[in-house]
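Novice: So here's work_8.txt (compact mmCIF, C-alpha atoms).
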```
# COMPACT_ATOMS: atom_id res chain seq x y z
CA MET A 1 0.00 0.00 0.00
CA VAL A 2 2.86 2.40 0.81
CA THR A 3 4.47 1.80 -2.59
CA SER A 4 1.14 2.60 -4.26
CA ARG A 5 0.77 5.77 -2.23
CA GLN A 6 4.27 6.99 -3.02
CA LEU A 7 3.81 6.34 -6.73
CA ALA A 8 0.49 8.18 -6.65
CA ILE A 9 2.14 11.15 -4.92
CA LEU A 10 4.66 11.23 -7.76
CA GLY A 11 1.81 11.55 -10.24
CA ALA A 12 1.44 8.01 -11.51
CA THR A 13 -1.87 6.42 -12.37
CA VAL A 14 -1.83 3.50 -9.93
CA VAL A 15 -3.70 0.21 -10.01
CA MET A 16 -3.57 -1.51 -6.64
CA VAL A 17 -4.12 -5.27 -6.52
CA CYS A 18 -5.56 -6.87 -3.38
CA ARG A 19 -6.97 -10.27 -2.48
CA ASP A 20 -9.45 -9.29 0.22
CA ARG A 21 -12.24 -6.94 -0.93
CA ARG A 22 -12.86 -5.30 2.45
CA LYS A 23 -9.18 -4.67 3.13
CA GLY A 24 -8.61 -3.62 -0.46
CA GLU A 25 -11.34 -1.00 -0.41
CA LYS A 26 -10.00 0.35 2.88
CA ALA A 27 -6.48 0.51 1.42
CA LEU A 28 -7.79 2.26 -1.69
CA GLU A 29 -9.59 4.89 0.35
CA GLU A 30 -6.53 5.51 2.51
CA THR A 31 -4.19 5.66 -0.49
CA ARG A 32 -6.37 8.20 -2.26
CA ARG A 33 -6.73 10.28 0.87
CA ARG A 34 -3.07 10.32 1.86
CA SER A 35 -1.72 10.81 -1.65
CA GLY A 36 -4.28 13.42 -2.66
CA SER A 37 -4.63 11.58 -5.98
CA GLY A 38 -7.80 10.54 -7.71
CA SER A 39 -5.84 8.39 -10.16
CA VAL A 40 -5.78 5.29 -7.97
CA GLU A 41 -7.96 2.27 -8.64
CA LEU A 42 -8.38 -1.21 -7.29
CA MET A 43 -8.41 -4.68 -8.82
CA PHE A 44 -8.66 -8.02 -7.09
CA CYS A 45 -6.57 -11.15 -7.40
CA ASP A 46 -5.80 -14.21 -5.32
CA MET A 47 -2.21 -15.19 -6.10
CA GLY A 48 -3.04 -18.63 -4.77
CA SER A 49 -5.17 -19.17 -7.87
CA LEU A 50 -3.62 -19.11 -11.34
CA ALA A 51 -7.10 -18.62 -12.81
CA SER A 52 -7.40 -15.46 -10.71
CA VAL A 53 -4.04 -14.24 -12.01
CA ARG A 54 -5.21 -14.78 -15.57
CA SER A 55 -8.42 -12.89 -14.84
CA LEU A 56 -6.44 -9.97 -13.42
CA ALA A 57 -4.23 -9.75 -16.50
CA ALA A 58 -7.24 -9.89 -18.82
CA GLU A 59 -9.14 -7.26 -16.82
CA PHE A 60 -6.15 -4.95 -16.75
CA GLU A 61 -5.60 -5.16 -20.51
CA LYS A 62 -9.30 -4.54 -21.09
CA LYS A 63 -9.26 -1.34 -19.03
CA HIS A 64 -5.78 0.00 -19.81
CA ASP A 65 -3.85 0.43 -23.04
CA ALA A 66 -0.46 1.03 -21.37
CA LEU A 67 1.64 -0.32 -18.51
CA HIS A 68 4.89 1.42 -17.68
CA VAL A 69 5.70 -0.13 -14.30
CA LEU A 70 4.81 -3.55 -12.90
CA VAL A 71 5.71 -4.12 -9.24
CA ASN A 72 5.40 -7.74 -8.09
CA ASN A 73 5.16 -7.49 -4.31
CA ALA A 74 3.19 -10.54 -3.13
CA GLY A 75 4.75 -12.31 -0.16
CA LEU A 76 3.89 -15.32 1.95
CA ALA A 77 5.53 -17.66 4.46
CA ASN A 78 3.85 -20.74 5.93
CA VAL A 79 5.04 -22.71 8.94
CA ARG A 80 3.18 -25.78 7.70
CA ARG A 81 3.20 -27.01 4.14
CA SER A 82 -0.04 -26.42 2.27
CA VAL A 83 -1.15 -26.78 -1.32
CA THR A 84 -3.18 -24.35 -3.43
CA SER A 85 -6.23 -25.25 -5.50
CA ASP A 86 -3.83 -25.53 -8.44
CA GLY A 87 -1.92 -28.28 -6.63
CA PHE A 88 1.26 -26.31 -5.91
CA GLU A 89 3.04 -25.66 -2.62
CA THR A 90 1.52 -22.37 -1.48
CA THR A 91 4.68 -20.35 -0.78
CA LEU A 92 6.15 -21.25 -4.16
CA GLN A 93 2.96 -20.29 -5.98
CA VAL A 94 2.29 -16.97 -4.26
CA ASN A 95 5.89 -15.77 -4.18
CA TYR A 96 7.09 -17.08 -7.54
CA LEU A 97 4.68 -18.92 -9.85
CA ALA A 98 1.96 -16.25 -9.73
CA PRO A 99 4.35 -13.30 -10.41
CA PHE A 100 5.97 -15.34 -13.20
CA LEU A 101 2.60 -15.93 -14.83
CA LEU A 102 1.30 -12.38 -14.36
CA THR A 103 4.49 -10.85 -15.75
CA ASN A 104 4.48 -13.08 -18.82
CA LEU A 105 0.81 -12.39 -19.48
CA LEU A 106 1.48 -8.64 -19.39
CA LEU A 107 4.77 -8.69 -21.30
CA GLY A 108 3.15 -7.79 -24.60
CA LEU A 109 1.56 -4.69 -23.06
CA LEU A 110 4.79 -3.76 -21.29
CA LYS A 111 6.73 -3.98 -24.56
CA ARG A 112 4.16 -1.84 -26.36
CA SER A 113 4.40 0.70 -23.53
CA ALA A 114 8.21 0.86 -23.52
CA PRO A 115 10.13 2.31 -21.89
CA ALA A 116 8.76 0.19 -19.07
CA ARG A 117 10.04 -1.38 -15.87
CA ILE A 118 9.43 -4.63 -13.99
CA VAL A 119 10.27 -4.56 -10.27
CA ASN A 120 10.29 -7.85 -8.35
CA VAL A 121 10.36 -7.68 -4.56
CA SER A 122 12.59 -10.52 -3.41
CA SER A 123 14.29 -10.78 -0.02
CA ILE A 124 17.64 -11.07 1.69
CA GLY A 125 16.30 -14.53 2.52
CA HIS A 126 17.17 -15.63 -1.02
CA TYR A 127 20.80 -15.96 0.10
CA GLY A 128 19.80 -19.05 2.04
CA GLY A 129 17.81 -20.47 -0.84
CA HIS A 130 18.55 -23.41 -3.11
CA ILE A 131 16.67 -24.59 -6.18
CA ASP A 132 16.09 -28.33 -6.37
CA LEU A 133 14.32 -28.84 -9.68
CA ASP A 134 13.44 -32.38 -8.63
CA ASP A 135 11.60 -31.15 -5.52
CA LEU A 136 10.33 -27.63 -6.15
CA GLN A 137 7.21 -28.46 -4.16
CA LEU A 138 9.32 -29.45 -1.12
CA GLU A 139 7.38 -32.65 -0.65
CA ARG A 140 10.32 -34.40 1.01
CA ASN A 141 11.61 -31.90 3.55
CA TYR A 142 9.45 -28.82 4.07
CA ARG A 143 10.55 -26.03 6.40
CA VAL A 144 9.17 -22.51 6.46
CA MET A 145 12.46 -20.73 5.76
CA LYS A 146 13.52 -23.32 3.22
CA ALA A 147 10.30 -22.72 1.29
CA TYR A 148 10.48 -18.94 1.65
CA SER A 149 14.16 -18.71 0.67
CA GLN A 150 13.68 -21.01 -2.31
CA SER A 151 10.77 -18.94 -3.61
CA LYS A 152 12.68 -15.68 -3.26
CA LEU A 153 15.77 -17.14 -4.98
CA ALA A 154 13.50 -18.35 -7.78
CA LEU A 155 12.26 -14.76 -8.13
CA VAL A 156 15.84 -13.47 -8.48
CA LEU A 157 16.70 -16.11 -11.07
CA PHE A 158 13.49 -15.24 -12.92
CA THR A 159 14.40 -11.54 -12.88
CA TYR A 160 17.85 -12.14 -14.36
CA GLU A 161 16.58 -14.51 -17.05
CA LEU A 162 13.74 -12.11 -17.87
CA ALA A 163 16.22 -9.24 -18.24
CA ARG A 164 18.26 -11.30 -20.69
CA ARG A 165 15.18 -12.14 -22.73
CA LEU A 166 14.04 -8.51 -22.79
CA GLU A 167 17.29 -7.03 -24.10
CA GLY A 168 16.59 -4.48 -26.78
CA THR A 169 12.86 -4.17 -25.99
CA GLY A 170 13.02 -1.07 -23.79
CA VAL A 171 11.67 -3.06 -20.83
CA THR A 172 13.94 -3.52 -17.81
CA ALA A 173 13.67 -6.05 -14.98
CA ASN A 174 15.27 -5.67 -11.56
CA CYS A 175 14.74 -7.14 -8.11
CA LEU A 176 15.33 -5.99 -4.57
CA HIS A 177 15.43 -6.64 -0.87
CA PRO A 178 13.12 -4.06 0.76
CA GLY A 179 14.73 -4.35 4.18
CA ALA A 180 13.38 -6.09 7.26
CA VAL A 181 9.98 -4.43 7.11
CA ALA A 182 7.42 -4.36 9.90
CA THR A 183 4.52 -6.04 8.11
CA ASN A 184 2.27 -8.90 9.23
CA ILE A 185 3.76 -11.56 6.91
CA TRP A 186 5.63 -13.32 9.70
CA GLY A 187 2.94 -12.82 12.31
CA ARG A 188 0.47 -14.66 10.07
CA SER A 189 2.89 -17.46 9.30
CA LEU A 190 4.02 -18.24 12.85
CA GLY A 191 0.68 -19.62 14.01
CA PRO A 192 0.67 -20.10 17.79
CA PHE A 193 4.02 -18.29 17.95
CA SER A 194 2.68 -15.20 16.20
CA PHE A 195 3.53 -13.10 19.27
CA LEU A 196 7.15 -13.36 18.10
CA GLY A 197 6.16 -11.39 15.02
CA GLY A 198 4.94 -8.62 17.29
CA LEU A 199 8.16 -8.61 19.25
CA SER A 200 10.21 -8.53 16.06
CA ARG A 201 8.52 -5.31 14.99
CA LEU A 202 10.63 -3.51 17.58
CA PHE A 203 13.68 -4.20 15.42
CA LEU A 204 12.19 -3.72 11.94
CA ILE A 205 12.00 -0.73 9.63
CA SER A 206 8.75 1.02 8.75
CA PRO A 207 6.78 0.17 5.61
CA GLU A 208 7.58 3.69 4.39
CA LYS A 209 11.31 2.96 4.49
CA GLY A 210 10.71 -0.51 3.08
CA ALA A 211 9.00 0.92 0.01
CA LYS A 212 11.86 3.26 -0.89
CA THR A 213 13.83 0.85 -3.05
CA SER A 214 10.74 -0.32 -4.95
CA VAL A 215 9.76 3.28 -5.70
CA TYR A 216 13.36 4.09 -6.63
CA LEU A 217 13.54 1.26 -9.14
CA ALA A 218 10.12 2.16 -10.51
CA THR A 219 10.78 5.86 -11.04
CA SER A 220 14.36 7.06 -10.69
CA ASN A 221 16.25 8.41 -13.69
CA ALA A 222 19.39 7.01 -12.07
CA VAL A 223 18.36 3.46 -13.01
CA GLU A 224 16.99 4.23 -16.46
CA GLY A 225 18.14 1.40 -18.72
CA VAL A 226 19.58 -0.59 -15.79
CA THR A 227 18.40 -4.20 -15.92
CA GLY A 228 19.10 -7.61 -14.46
CA LYS A 229 20.32 -6.28 -11.11
CA TYR A 230 19.62 -6.82 -7.41
CA PHE A 231 19.23 -3.81 -5.11
CA ASP A 232 19.24 -3.27 -1.36
CA GLN A 233 18.79 0.13 0.31
CA LEU A 234 18.85 1.95 -3.05
CA GLN A 235 22.21 0.38 -3.89
CA GLU A 236 23.06 -2.32 -6.41
CA LYS A 237 24.32 -5.38 -4.52
CA ARG A 238 25.62 -8.78 -5.45
CA SER A 239 22.99 -11.46 -4.93
CA SER A 240 23.70 -15.08 -3.99
CA GLN A 241 26.17 -17.14 -5.96
CA GLU A 242 23.46 -19.55 -7.12
CA SER A 243 21.39 -16.68 -8.51
CA TYR A 244 24.01 -16.09 -11.23
CA ASP A 245 23.77 -19.64 -12.58
CA VAL A 246 22.51 -18.91 -16.10
CA ALA A 247 21.93 -22.57 -16.96
CA LEU A 248 19.86 -23.04 -13.78
CA ALA A 249 17.82 -19.92 -14.57
CA ARG A 250 17.00 -21.27 -18.01
CA ARG A 251 16.09 -24.71 -16.67
CA LEU A 252 13.88 -23.12 -14.00
CA TRP A 253 12.18 -20.98 -16.65
CA ASP A 254 11.58 -24.00 -18.86
CA ARG A 255 10.23 -25.96 -15.89
CA THR A 256 7.92 -23.12 -14.86
CA ILE A 257 6.33 -22.48 -18.26
CA PRO A 258 4.19 -25.68 -18.25
CA LEU A 259 3.50 -25.43 -14.52
CA VAL A 260 1.67 -22.12 -14.96
CA GLY A 261 0.01 -23.18 -18.20
CA LEU A 262 1.93 -21.11 -20.70
CA ASP A 263 2.48 -22.84 -23.99
CA HIS A 264 5.19 -20.58 -25.36
CA ASP A 265 7.94 -18.23 -24.26
CA SER A 266 7.31 -14.51 -24.44
```
Kindly transcribe the structure held in the file into structure tokens.

Specialist:
Amino acid sequence: MVTSRQLAILGATVVMVCRDRRKGEKALEETRRRSGSGSVELMFCDMGSLASVRSLAAEFEKKHDALHVLVNNAGLANVRRSVTSDGFETTLQVNYLAPFLLTNLLLGLLKRSAPARIVNVSSIGHYGGHIDLDDLQLERNYRVMKAYSQSKLALVLFTYELARRLEGTGVTANCLHPGAVATNIWGRSLGPFSFLGGLSRLFLISPEKGAKTSVYLATSNAVEGVTGKYFDQLQEKRSSQESYDVALARRLWDRTIPLVGLDHDS
């Protein structure tokens, strides 16, 4: 919500995407009020449903003839392994498969709108991630941080491979760690230990500070034309060693295409 508000303050026409209608309408009202902008609208999508992602993309293209910035900012962590209605491990789908599908569905519009930017919100947690193409669903050894770190590493690999595929199109793709932000992602995921999420807020940065790098990558002239990079605190940083494995990125891409129901590469 903070990213949307900051972009609206800067004069962008903003489309917020929320899963819950009541919370979404409240966020829309607050964003309009605090930004002073009337150019903010709301669409709905459940990233735990690939059909919902497809509906979002179709609705957006029906209502809008341009897209200059796409910020993928969905995030989830589950203590216990669960599976979506599509049959995929939930953390992997929400954090990686859904953004992969949405981005690919909107690539044509992004290219027609160029110059355009894709901003993927990953995490410092990706440094602890590892991609096992034979067990992406973590059916053998699920742990909350293993699932979260894998999904965020997958997002970095996706960003780098996407940047390579978009060379010469005028569309850039970068990813970032927003900082340790005081949101409710960990409180929700910790179940009976959710009080730890409350305690951790004492040591976390505000959502306003956490949104800075996303807004920077979405708008700053300093990163015009910059692509295939990882940022932290407005600075380009080196991501994990595994994230630079080009062959792995290509294999992950090829594995993901049929999983999300795409029948061709964009």

Novice: Using all atoms listed in the file, which residue out of A:Arg32, A:Arg140, A:Arg117, A:Lys111 lies closest to Leu70 (chain A)?

Specialist: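 Comparing A:Arg32, A:Arg140, A:Arg117, A:Lys111 against Leu70 (chain A), the winner is A:Arg117.
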
Novice: What is the distance, in Å and to one decimal place, between CA of Leu162 (chain A) and CA of Leu136 (chain A)?

Specialist: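 Those two atoms sit 19.7 Å apart.
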
Novice: Give me the residues within 9 Å of region 87-89 of chain A as an NGL selection string, counting only C-alpha atoms and dropping any in the same chain fewer than 2 places off.

Specialist: :A and (48 or 81-85 or 91-94 or 136-139 or 147 or 259)

Novice: Write out as JSON, numbers by chain the residues lying within 10 Å of Arg251 (chain A), counting only C-alpha atoms and excluding same-chain residues fewer than 5 positions away.

Specialist: {"A": [133, 246, 256]}

Novice: So the first atom is CA of Ile118 (chain A) and the second is CA of Ala12 (chain A); what is the distance between them in Å, to one decimal place?

Specialist: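 Value for the CA of Ile118 (chain A)-CA of Ala12 (chain A) distance: 15.2 Å.
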